[in-house]
>>> print(open('target-v1.pdb').read())   # PDB, C-alpha atoms
ATOM      1  CA  GLY A   1     -16.079  -2.624   9.134
ATOM      2  CA  ALA A   2     -12.363  -3.241   9.331
ATOM      3  CA  VAL A   3     -10.506  -0.604  11.312
ATOM      4  CA  VAL A   4      -6.815   0.182  11.187
ATOM      5  CA  SER A   5      -5.252   2.575  13.640
ATOM      6  CA  GLN A   6      -1.908   4.363  13.551
ATOM      7  CA  HIS A   7       0.014   5.927  16.365
ATOM      8  CA  PRO A   8       1.121   8.615  16.645
ATOM      9  CA  SER A   9      -0.975  10.717  14.270
ATOM     10  CA  TRP A  10       1.800  13.260  14.107
ATOM     11  CA  VAL A  11       5.344  13.499  15.407
ATOM     12  CA  ILE A  12       8.073  16.129  15.365
ATOM     13  CA  CYS A  13      11.618  15.024  16.021
ATOM     14  CA  LYS A  14      15.153  16.308  15.793
ATOM     15  CA  SER A  15      17.473  15.247  13.019
ATOM     16  CA  GLY A  16      19.414  12.116  13.935
ATOM     17  CA  THR A  17      16.795  10.605  16.215
ATOM     18  CA  SER A  18      14.689   7.517  15.522
ATOM     19  CA  VAL A  19      10.923   7.456  15.344
ATOM     20  CA  LYS A  20       8.607   4.442  15.646
ATOM     21  CA  ILE A  21       5.153   4.384  14.076
ATOM     22  CA  GLU A  22       2.650   1.697  15.041
ATOM     23  CA  CYS A  23      -0.048   0.264  12.818
ATOM     24  CA  ARG A  24      -2.758  -1.901  14.342
ATOM     25  CA  SER A  25      -5.663  -3.809  12.843
ATOM     26  CA  LEU A  26      -8.326  -3.492  15.528
ATOM     27  CA  ASP A  27     -10.992  -5.982  14.503
ATOM     28  CA  PHE A  28      -9.390  -8.425  12.095
ATOM     29  CA  GLN A  29      -6.227 -10.401  11.607
ATOM     30  CA  ALA A  30      -3.936  -8.759   9.094
ATOM     31  CA  THR A  31      -1.838 -11.331   7.321
ATOM     32  CA  THR A  32      -0.304  -8.652   5.146
ATOM     33  CA  MET A  33       0.512  -5.065   5.995
ATOM     34  CA  PHE A  34       1.775  -2.350   3.721
ATOM     35  CA  TRP A  35       3.640   0.854   4.434
ATOM     36  CA  TYR A  36       3.271   3.832   2.163
ATOM     37  CA  ARG A  37       4.761   7.265   1.945
ATOM     38  CA  GLN A  38       2.863  10.175   0.486
ATOM     39  CA  PHE A  39       4.213  13.582  -0.474
ATOM     40  CA  PRO A  40       1.878  16.589  -0.759
ATOM     41  CA  LYS A  41      -0.463  16.396  -3.731
ATOM     42  CA  GLN A  42       1.016  13.109  -4.859
ATOM     43  CA  SER A  43      -0.095   9.532  -5.001
ATOM     44  CA  LEU A  44       0.843   6.859  -2.491
ATOM     45  CA  MET A  45       4.284   5.327  -2.855
ATOM     46  CA  LEU A  46       4.610   1.781  -1.576
ATOM     47  CA  MET A  47       7.639   1.400   0.670
ATOM     48  CA  ALA A  48       7.359  -2.196   1.789
ATOM     49  CA  THR A  49       5.091  -5.186   2.206
ATOM     50  CA  SER A  50       5.209  -7.344   5.295
ATOM     51  CA  ASN A  51       3.647 -10.666   6.176
ATOM     52  CA  GLU A  52       3.250 -11.689   9.789
ATOM     53  CA  GLY A  53       6.357 -13.428  11.045
ATOM     54  CA  SER A  54       8.366 -12.791   7.889
ATOM     55  CA  LYS A  55      10.878 -10.201   6.844
ATOM     56  CA  ALA A  56       9.453  -7.256   4.993
ATOM     57  CA  THR A  57       9.870  -6.940   1.247
ATOM     58  CA  TYR A  58      11.092  -3.469   0.374
ATOM     59  CA  GLU A  59      10.435  -1.647  -2.858
ATOM     60  CA  GLN A  60      13.336  -0.620  -5.028
ATOM     61  CA  GLY A  61      15.014   2.506  -3.728
ATOM     62  CA  VAL A  62      13.754   2.154  -0.154
ATOM     63  CA  GLU A  63      16.589   1.745   2.346
ATOM     64  CA  LYS A  64      15.783  -1.226   4.547
ATOM     65  CA  ASP A  65      18.319  -0.175   7.153
ATOM     66  CA  LYS A  66      16.721   3.218   7.447
ATOM     67  CA  PHE A  67      13.085   2.130   7.436
ATOM     68  CA  LEU A  68      12.847  -0.856   9.758
ATOM     69  CA  ILE A  69       9.600  -2.777   9.559
ATOM     70  CA  ASN A  70       8.476  -5.364  12.069
ATOM     71  CA  HIS A  71       5.268  -7.379  11.669
ATOM     72  CA  ALA A  72       5.451  -9.399  14.856
ATOM     73  CA  SER A  73       1.773 -10.276  15.199
ATOM     74  CA  LEU A  74      -1.381 -10.487  13.117
ATOM     75  CA  THR A  75      -2.559  -7.161  14.490
ATOM     76  CA  LEU A  76       0.577  -5.056  14.774
ATOM     77  CA  SER A  77       3.239  -3.752  12.445
ATOM     78  CA  THR A  78       5.765  -1.061  13.227
ATOM     79  CA  LEU A  79       7.824   1.242  11.049
ATOM     80  CA  THR A  80      10.935   2.734  12.598
ATOM     81  CA  VAL A  81      12.615   5.602  10.812
ATOM     82  CA  THR A  82      16.201   5.448  12.010
ATOM     83  CA  SER A  83      18.488   8.471  12.167
ATOM     84  CA  ALA A  84      15.773  10.636  10.683
ATOM     85  CA  HIS A  85      16.685  13.610   8.522
ATOM     86  CA  PRO A  86      14.559  16.489   7.202
ATOM     87  CA  GLU A  87      14.143  14.724   3.852
ATOM     88  CA  ASP A  88      12.336  11.905   5.704
ATOM     89  CA  SER A  89       9.568  14.352   6.604
ATOM     90  CA  SER A  90       6.421  12.992   5.005
ATOM     91  CA  PHE A  91       3.006  11.459   5.546
ATOM     92  CA  TYR A  92       3.343   7.756   6.327
ATOM     93  CA  ILE A  93       0.323   5.522   5.891
ATOM     94  CA  CYS A  94      -0.106   1.848   6.668
ATOM     95  CA  SER A  95      -2.700  -0.526   5.321
ATOM     96  CA  ALA A  96      -3.704  -4.017   6.282
ATOM     97  CA  SER A  97      -5.231  -6.891   4.408
ATOM     98  CA  GLY A  98      -6.791 -10.051   5.782
ATOM     99  CA  THR A  99      -7.255 -13.474   4.306
ATOM    100  CA  MET A 100     -10.799 -13.058   3.018
ATOM    101  CA  ASN A 101     -10.277 -10.774   0.044
ATOM    102  CA  ARG A 102      -7.929  -8.263  -1.415
ATOM    103  CA  GLU A 103      -9.312  -5.200   0.272
ATOM    104  CA  GLN A 104      -6.687  -3.025   1.864
ATOM    105  CA  PHE A 105      -7.862  -1.062   4.883
ATOM    106  CA  PHE A 106      -5.901   2.072   5.555
ATOM    107  CA  GLY A 107      -4.834   3.739   8.747
ATOM    108  CA  PRO A 108      -5.331   7.477   9.236
ATOM    109  CA  GLY A 109      -1.665   8.224   8.564
ATOM    110  CA  THR A 110       1.209   9.700  10.555
ATOM    111  CA  ARG A 111       2.658  13.099   9.759
ATOM    112  CA  LEU A 112       6.414  13.047  10.453
ATOM    113  CA  THR A 113       8.329  16.305  10.623
ATOM    114  CA  VAL A 114      12.083  16.150  11.128
ATOM    115  CA  LEU A 115      13.709  19.399  12.217
TER     116      LEU A 115
ATOM    117  CA  GLN B   1       3.165  -1.793 -18.238
ATOM    118  CA  GLN B   2       2.596  -1.625 -14.526
ATOM    119  CA  GLN B   3       1.200   1.893 -14.718
ATOM    120  CA  VAL B   4      -2.332   3.063 -14.132
ATOM    121  CA  LYS B   5      -3.033   6.389 -15.809
ATOM    122  CA  GLN B   6      -5.657   8.583 -14.192
ATOM    123  CA  SER B   7      -7.368  11.682 -15.539
ATOM    124  CA  PRO B   8      -8.197  14.447 -15.034
ATOM    125  CA  GLN B   9      -5.735  15.727 -12.467
ATOM    126  CA  SER B  10      -8.380  18.058 -11.071
ATOM    127  CA  LEU B  11     -12.094  18.458 -11.587
ATOM    128  CA  ILE B  12     -14.659  21.057 -10.580
ATOM    129  CA  VAL B  13     -18.327  20.053 -10.660
ATOM    130  CA  GLN B  14     -21.441  21.899  -9.631
ATOM    131  CA  LYS B  15     -23.481  20.497  -6.774
ATOM    132  CA  GLY B  16     -25.941  17.957  -8.098
ATOM    133  CA  GLY B  17     -23.870  17.230 -11.183
ATOM    134  CA  ILE B  18     -22.094  14.048 -12.256
ATOM    135  CA  SER B  19     -18.374  13.699 -11.534
ATOM    136  CA  ILE B  20     -16.468  11.374 -13.846
ATOM    137  CA  ILE B  21     -12.898  10.221 -13.309
ATOM    138  CA  ASN B  22     -11.142   7.908 -15.731
ATOM    139  CA  CYS B  23      -8.343   5.392 -15.468
ATOM    140  CA  ALA B  24      -6.518   3.294 -18.041
ATOM    141  CA  TYR B  25      -4.160   0.375 -17.628
ATOM    142  CA  GLU B  26      -1.894  -1.746 -19.803
ATOM    143  CA  ASN B  27      -1.355  -4.948 -17.858
ATOM    144  CA  THR B  28      -4.119  -7.381 -18.826
ATOM    145  CA  ALA B  29      -3.223  -9.520 -15.805
ATOM    146  CA  PHE B  30      -4.819  -6.936 -13.485
ATOM    147  CA  ASP B  31      -8.002  -8.387 -12.055
ATOM    148  CA  TYR B  32      -9.004  -6.110  -9.197
ATOM    149  CA  PHE B  33      -9.767  -2.415  -9.598
ATOM    150  CA  PRO B  34     -10.612  -0.366  -6.498
ATOM    151  CA  TRP B  35     -11.325   3.322  -6.080
ATOM    152  CA  TYR B  36     -10.235   5.159  -2.960
ATOM    153  CA  GLN B  37     -11.310   8.487  -1.510
ATOM    154  CA  GLN B  38      -8.867  10.547   0.512
ATOM    155  CA  PHE B  39      -9.543  13.671   2.528
ATOM    156  CA  PRO B  40      -6.654  16.024   3.440
ATOM    157  CA  GLY B  41      -4.532  14.667   6.265
ATOM    158  CA  LYS B  42      -6.327  11.301   6.287
ATOM    159  CA  GLY B  43      -5.613   7.857   4.952
ATOM    160  CA  PRO B  44      -7.461   6.620   1.833
ATOM    161  CA  ALA B  45     -10.785   4.853   2.267
ATOM    162  CA  LEU B  46     -12.112   2.216  -0.107
ATOM    163  CA  LEU B  47     -15.145   3.493  -1.999
ATOM    164  CA  ILE B  48     -15.967   0.735  -4.427
ATOM    165  CA  ALA B  49     -14.124  -1.976  -6.320
ATOM    166  CA  ILE B  50     -14.751  -4.088  -9.392
ATOM    167  CA  ARG B  51     -13.421  -7.237 -11.006
ATOM    168  CA  PRO B  52     -13.220  -7.646 -14.793
ATOM    169  CA  ASP B  53     -16.033 -10.176 -15.020
ATOM    170  CA  VAL B  54     -18.616  -7.385 -14.713
ATOM    171  CA  SER B  55     -18.972  -4.187 -16.707
ATOM    172  CA  GLU B  56     -20.566  -2.052 -14.036
ATOM    173  CA  LYS B  57     -20.961  -1.922 -10.286
ATOM    174  CA  LYS B  58     -23.089   0.531  -8.386
ATOM    175  CA  GLU B  59     -23.085   1.404  -4.718
ATOM    176  CA  GLY B  60     -25.337   4.283  -3.800
ATOM    177  CA  ARG B  61     -24.262   7.356  -5.765
ATOM    178  CA  PHE B  62     -20.981   5.738  -6.837
ATOM    179  CA  THR B  63     -20.687   3.626  -9.986
ATOM    180  CA  ILE B  64     -17.684   1.961 -11.583
ATOM    181  CA  SER B  65     -17.866   1.365 -15.316
ATOM    182  CA  PHE B  66     -15.387  -1.160 -16.652
ATOM    183  CA  ASN B  67     -14.383  -1.644 -20.287
ATOM    184  CA  LYS B  68     -12.152  -4.696 -20.530
ATOM    185  CA  SER B  69     -11.436  -4.415 -24.241
ATOM    186  CA  ALA B  70     -10.383  -0.790 -23.923
ATOM    187  CA  LYS B  71      -8.555  -1.476 -20.644
ATOM    188  CA  GLN B  72     -10.293   1.437 -19.015
ATOM    189  CA  PHE B  73     -12.428   1.955 -15.961
ATOM    190  CA  SER B  74     -14.117   4.992 -14.583
ATOM    191  CA  LEU B  75     -15.779   6.297 -11.440
ATOM    192  CA  HIS B  76     -19.073   8.152 -11.714
ATOM    193  CA  ILE B  77     -20.393  10.123  -8.767
ATOM    194  CA  MET B  78     -24.045  10.984  -9.253
ATOM    195  CA  ASP B  79     -25.705  13.967  -7.576
ATOM    196  CA  SER B  80     -22.292  15.216  -6.446
ATOM    197  CA  GLN B  81     -22.275  16.939  -3.065
ATOM    198  CA  PRO B  82     -19.802  19.361  -1.428
ATOM    199  CA  GLY B  83     -18.928  16.560   1.008
ATOM    200  CA  ASP B  84     -17.613  14.573  -1.953
ATOM    201  CA  SER B  85     -14.806  17.109  -2.375
ATOM    202  CA  ALA B  86     -11.679  15.007  -1.904
ATOM    203  CA  THR B  87      -8.881  13.354  -3.828
ATOM    204  CA  TYR B  88      -9.813  10.153  -5.603
ATOM    205  CA  PHE B  89      -7.378   7.413  -6.542
ATOM    206  CA  CYS B  90      -7.911   4.480  -8.827
ATOM    207  CA  ALA B  91      -5.746   1.415  -8.408
ATOM    208  CA  ALA B  92      -5.222  -2.073  -9.784
ATOM    209  CA  SER B  93      -3.753  -5.344  -8.646
ATOM    210  CA  ARG B  94      -3.363  -8.842  -9.991
ATOM    211  CA  GLY B  95      -3.645 -12.412  -8.836
ATOM    212  CA  SER B  96      -2.580 -13.298  -5.324
ATOM    213  CA  ASN B  97      -0.345 -10.245  -5.205
ATOM    214  CA  TYR B  98      -2.140  -7.774  -3.006
ATOM    215  CA  GLN B  99       0.062  -4.877  -4.032
ATOM    216  CA  LEU B 100      -1.874  -1.998  -5.513
ATOM    217  CA  ILE B 101      -0.658   0.006  -8.481
ATOM    218  CA  TRP B 102      -1.966   3.518  -7.952
ATOM    219  CA  GLY B 103      -3.163   6.209 -10.294
ATOM    220  CA  ALA B 104      -1.869   9.741  -9.770
ATOM    221  CA  GLY B 105      -5.083  10.968  -8.160
ATOM    222  CA  THR B 106      -7.833  13.433  -9.048
ATOM    223  CA  LYS B 107      -8.662  16.375  -6.850
ATOM    224  CA  LEU B 108     -12.422  16.823  -7.014
ATOM    225  CA  ILE B 109     -14.092  20.047  -5.930
ATOM    226  CA  ILE B 110     -17.868  20.248  -5.760
ATOM    227  CA  LYS B 111     -19.109  23.823  -5.916
ATOM    228  CA  PRO B 112     -22.234  24.552  -3.852
TER     229      PRO B 112
END
>>> encode(input="target-v1.pdb", output="C-alpha cells")
Amino acid sequence: GAVVSQHPSWVICKSGTSVKIECRSLDFQATTMFWYRQFPKQSLMLMATSNEGSKATYEQGVEKDKFLINHASLTLSTLTVTSAHPEDSSFYICSASGTMNREQFFGPGTRLTVL
Amino acid sequence: QQQVKQSPQSLIVQKGGISIINCAYENTAFDYFPWYQQFPGKGPALLIAIRPDVSEKKEGRFTISFNKSAKQFSLHIMDSQPGDSATYFCAASRGSNYQLIWGAGTKLIIKP
C-alpha cells in the first residue's frame, strides 16, 4: 500500500526558533500534498494544499509567512514553522494523494512542543 | 453547506457487538465519502470509502451504508473488537477537488 512518512515524529523547540517537518511519499508520486493541524480531541484542520512545483494554497486564517510549505518534488513536501511560539504547539499531519484516485494517505504525524 | 455532521461524539460497545457511527451532509455536490480510523498519537488511516452510485460497501467487518436522498452515510463495525477502539472520522469531498471536509470524530471504546 501507499506509505507516507514524516520526520521528525516529535520535536521540542524554544520559542522564537524555526522548525522544519518533512513529509515523504515512499512508494508513489504525490501530485498533491496536504498539511493538517490537529488539537487534542478535535478533528483535523486543513492548513494548506500544495501541488508539486506550485505555491501552496493556504486556508483562511493560516499565516503563510509563518507556516512555509515547499513541495519541491513528487515525493517530498516540507512545512517550516517560523519563529515558533507556544501557541503553535500541536500535532501536525501531512497527507499525500496521487493521480490514480482521491485517496489521501496520511503520515504518522509530528508532535511539536514549543517551550 | 460545507459541513459534515458526525454523531455520536463517543460510543461504548461491548465486544462482539455492532458499532454504528452516522454522518450527514448538506452539499449534494459531494461525491466521495471516506471513513478514517485514528489511534492516539498516529495519523488517520483510510478504512473504507464509498461513492454515491452505490448504497452499501462492505470490506471485512466494516460496512458503509449510504442514503443519497437523506444525505446520510454511516459506518457499521460488525463483531466489534477491543482493537477497534479508536477515533473514527467521516469525511466528504467533491469533484476534482481532493480536499476533504471532516466530521468532528467519534471516540469508540469496545469493552472486553
>>> resolve_selection(input="target-v1.pdb", expression="the PyMOL selection byres ((chain A) within 6 of (chain B))", output="mmCIF file with C-alpha atoms, in the coordinates of the input")
data_model
loop_
_atom_site.group_PDB
_atom_site.id
_atom_site.type_symbol
_atom_site.label_atom_id
_atom_site.label_comp_id
_atom_site.auth_asym_id
_atom_site.auth_seq_id
_atom_site.Cartn_x
_atom_site.Cartn_y
_atom_site.Cartn_z
ATOM 1 C CA SER A 43 -0.095 9.532 -5.001
ATOM 2 C CA PHE A 106 -5.901 2.072 5.555
ATOM 3 C CA GLY A 107 -4.834 3.739 8.747
ATOM 4 C CA PRO A 108 -5.331 7.477 9.236
ATOM 5 C CA GLY A 109 -1.665 8.224 8.564
#
>>> atom_distance(input="target-v1.pdb", atom1="CA of Ala86 (chain B)", atom2="CA of Glu59 (chain B)")
18.0 Å
>>> resolve_selection(input="target-v1.pdb", expression="the PyMOL selection byres ((chain A and resi 74) around 8)", output="MDAnalysis selection string")
chainID A and resid 25 29:31 52 71:73 75:76
>>> atom_distance(input="target-v1.pdb", atom1="CA of Ala2 (chain A)", atom2="CA of Ala92 (chain B)")
20.4 Å
>>> residues_around(input="target-v1.pdb", residues="Ala70 (chain B)", least_positions_apart="6", cutoff="10 Å", atoms="all atoms listed in the file", output="list of chain:residue names")
B:Ala24, B:Tyr25, B:Glu26
>>> resolve_selection(input="target-v1.pdb", expression="the PyMOL selection byres ((chain A and resi 49-51) around 9)", output="PyMOL selection string")
(chain A and resi 30-35+46-48+52-59+69-72+74+77) or (chain B and resi 99)
>>> closest_residue(input="target-v1.pdb", among="A:Thr110, A:Ser15, A:Gln60, A:Gln42", to="Tyr92 (chain A)", atoms="all atoms listed in the file")
A:Thr110
>>> atom_distance(input="target-v1.pdb", atom1="CA of Leu68 (chain A)", atom2="CA of Leu44 (chain A)")
18.8 Å
>>> residues_around(input="target-v1.pdb", residues="Ser90 (chain A)", least_positions_apart="4", cutoff="12 Å", atoms="only C-alpha atoms", output="list in words")
Trp10, Val11, Ile12, Tyr36, Arg37, Gln38, Phe39, Pro40, Lys41, Gln42, Leu44, Met45, Val81, Ala84, His85, Pro86, Gly109, Thr110, Arg111, Leu112, Thr113 and Val114 of chain A; Gly41 of chain B
>>> closest_residue(input="target-v1.pdb", among="A:Ser5, A:Asp88, A:Ser83, A:Val19", to="Val62 (chain A)", atoms="all atoms listed in the file")
A:Asp88
>>> decode(input="target-v1.pdb", residues="chain B", atoms="C-alpha atoms", output="mmCIF file, in the first residue's frame")
data_model
loop_
_atom_site.group_PDB
_atom_site.id
_atom_site.type_symbol
_atom_site.label_atom_id
_atom_site.label_comp_id
_atom_site.auth_asym_id
_atom_site.auth_seq_id
_atom_site.Cartn_x
_atom_site.Cartn_y
_atom_site.Cartn_z
ATOM 1 C CA GLN B 1 -23.231 23.840 3.498
ATOM 2 C CA GLN B 2 -19.694 22.566 3.529
ATOM 3 C CA GLN B 3 -20.156 20.842 6.873
ATOM 4 C CA VAL B 4 -20.252 17.154 7.631
ATOM 5 C CA LYS B 5 -22.040 16.410 10.889
ATOM 6 C CA GLN B 6 -20.954 13.297 12.745
ATOM 7 C CA SER B 7 -22.608 11.531 15.659
ATOM 8 C CA PRO B 8 -22.276 10.314 18.304
ATOM 9 C CA GLN B 9 -19.292 12.087 19.801
ATOM 10 C CA SER B 10 -18.428 8.980 21.796
ATOM 11 C CA LEU B 11 -19.639 5.409 21.789
ATOM 12 C CA ILE B 12 -19.142 2.423 24.065
ATOM 13 C CA VAL B 13 -19.913 -1.027 22.660
ATOM 14 C CA GLN B 14 -19.498 -4.467 24.127
ATOM 15 C CA LYS B 15 -17.077 -6.838 22.452
ATOM 16 C CA GLY B 16 -18.836 -8.701 19.680
ATOM 17 C CA GLY B 17 -21.471 -6.016 19.247
ATOM 18 C CA ILE B 18 -22.180 -3.721 16.304
ATOM 19 C CA SER B 19 -20.766 -0.189 16.358
ATOM 20 C CA ILE B 20 -22.670 2.370 14.305
ATOM 21 C CA ILE B 21 -21.464 5.881 13.548
ATOM 22 C CA ASN B 22 -23.504 8.313 11.492
ATOM 23 C CA CYS B 23 -22.708 11.279 9.299
ATOM 24 C CA ALA B 24 -24.884 13.782 7.468
ATOM 25 C CA TYR B 25 -24.025 16.334 4.823
ATOM 26 C CA GLU B 26 -25.726 19.195 3.010
ATOM 27 C CA ASN B 27 -23.707 19.716 -0.148
ATOM 28 C CA THR B 28 -25.176 17.478 -2.856
ATOM 29 C CA ALA B 29 -22.035 18.024 -4.939
ATOM 30 C CA PHE B 30 -20.065 15.737 -2.594
ATOM 31 C CA ASP B 31 -19.261 12.526 -4.419
ATOM 32 C CA TYR B 32 -16.650 10.753 -2.322
ATOM 33 C CA PHE B 33 -17.197 9.666 1.271
ATOM 34 C CA PRO B 34 -14.318 8.025 3.153
ATOM 35 C CA TRP B 35 -14.051 6.833 6.730
ATOM 36 C CA TYR B 36 -10.786 7.101 8.617
ATOM 37 C CA GLN B 37 -9.573 5.402 11.775
ATOM 38 C CA GLN B 38 -7.130 7.171 14.056
ATOM 39 C CA PHE B 39 -5.285 5.777 17.046
ATOM 40 C CA PRO B 40 -3.848 8.157 19.688
ATOM 41 C CA GLY B 41 -0.669 9.848 18.523
ATOM 42 C CA LYS B 42 -0.980 8.474 14.977
ATOM 43 C CA GLY B 43 -2.147 9.812 11.661
ATOM 44 C CA PRO B 44 -5.557 8.738 10.286
ATOM 45 C CA ALA B 45 -5.757 5.613 8.151
ATOM 46 C CA LEU B 46 -8.334 5.065 5.428
ATOM 47 C CA LEU B 47 -10.769 2.318 6.395
ATOM 48 C CA ILE B 48 -13.302 2.286 3.610
ATOM 49 C CA ALA B 49 -14.806 4.748 1.158
ATOM 50 C CA ILE B 50 -17.935 4.955 -0.951
ATOM 51 C CA ARG B 51 -19.261 6.912 -3.901
ATOM 52 C CA PRO B 52 -22.940 7.869 -4.212
ATOM 53 C CA ASP B 53 -23.690 5.454 -7.035
ATOM 54 C CA VAL B 54 -23.885 2.561 -4.555
ATOM 55 C CA SER B 55 -25.918 2.227 -1.380
ATOM 56 C CA GLU B 56 -23.602 -0.073 0.512
ATOM 57 C CA LYS B 57 -19.995 -1.181 0.525
ATOM 58 C CA LYS B 58 -18.539 -3.892 2.689
ATOM 59 C CA GLU B 59 -14.938 -4.679 3.486
ATOM 60 C CA GLY B 60 -14.470 -7.374 6.078
ATOM 61 C CA ARG B 61 -16.203 -6.303 9.289
ATOM 62 C CA PHE B 62 -16.630 -2.717 8.068
ATOM 63 C CA THR B 63 -19.662 -1.597 6.062
ATOM 64 C CA ILE B 64 -20.656 1.821 4.774
ATOM 65 C CA SER B 65 -24.355 2.416 4.233
ATOM 66 C CA PHE B 66 -25.191 5.371 2.027
ATOM 67 C CA ASN B 67 -28.569 7.091 1.727
ATOM 68 C CA LYS B 68 -28.378 9.659 -1.051
ATOM 69 C CA SER B 69 -31.886 11.025 -0.622
ATOM 70 C CA ALA B 70 -31.383 11.582 3.091
ATOM 71 C CA LYS B 71 -27.815 12.825 2.551
ATOM 72 C CA GLN B 72 -26.552 10.492 5.221
ATOM 73 C CA PHE B 73 -23.959 7.775 5.438
ATOM 74 C CA SER B 74 -22.933 5.524 8.241
ATOM 75 C CA LEU B 75 -20.166 3.162 9.292
ATOM 76 C CA HIS B 76 -21.063 -0.209 10.772
ATOM 77 C CA ILE B 77 -18.424 -2.275 12.528
ATOM 78 C CA MET B 78 -19.595 -5.844 12.985
ATOM 79 C CA ASP B 79 -18.270 -8.117 15.731
ATOM 80 C CA SER B 80 -16.517 -5.141 17.331
ATOM 81 C CA GLN B 81 -13.198 -5.958 18.980
ATOM 82 C CA PRO B 82 -11.127 -4.128 21.631
ATOM 83 C CA GLY B 83 -8.563 -3.418 18.898
ATOM 84 C CA ASP B 84 -11.217 -1.352 17.128
ATOM 85 C CA SER B 85 -11.105 1.179 19.968
ATOM 86 C CA ALA B 86 -10.045 4.379 18.220
ATOM 87 C CA THR B 87 -11.400 7.657 16.927
ATOM 88 C CA TYR B 88 -13.312 7.446 13.676
ATOM 89 C CA PHE B 89 -13.766 10.308 11.244
ATOM 90 C CA CYS B 90 -16.104 10.551 8.314
ATOM 91 C CA ALA B 91 -15.276 12.931 5.502
ATOM 92 C CA ALA B 92 -16.520 14.096 2.121
ATOM 93 C CA SER B 93 -15.115 15.684 -0.987
ATOM 94 C CA ARG B 94 -16.355 16.714 -4.393
ATOM 95 C CA GLY B 95 -15.265 16.626 -7.994
ATOM 96 C CA SER B 96 -11.613 17.102 -8.822
ATOM 97 C CA ASN B 97 -11.080 18.915 -5.542
ATOM 98 C CA TYR B 98 -9.266 16.469 -3.329
ATOM 99 C CA GLN B 99 -9.864 18.483 -0.185
ATOM 100 C CA LEU B 100 -11.691 16.548 2.487
ATOM 101 C CA ILE B 101 -14.380 18.068 4.671
ATOM 102 C CA TRP B 102 -14.116 16.294 8.005
ATOM 103 C CA GLY B 103 -16.649 15.263 10.590
ATOM 104 C CA ALA B 104 -15.897 16.027 14.233
ATOM 105 C CA GLY B 105 -14.928 12.450 15.063
ATOM 106 C CA THR B 106 -16.327 9.656 17.223
ATOM 107 C CA LYS B 107 -14.333 8.099 20.010
ATOM 108 C CA LEU B 108 -15.208 4.412 20.040
ATOM 109 C CA ILE B 109 -14.467 2.213 23.036
ATOM 110 C CA ILE B 110 -15.016 -1.525 22.811
ATOM 111 C CA LYS B 111 -15.412 -3.111 26.228
ATOM 112 C CA PRO B 112 -13.980 -6.631 26.564
#
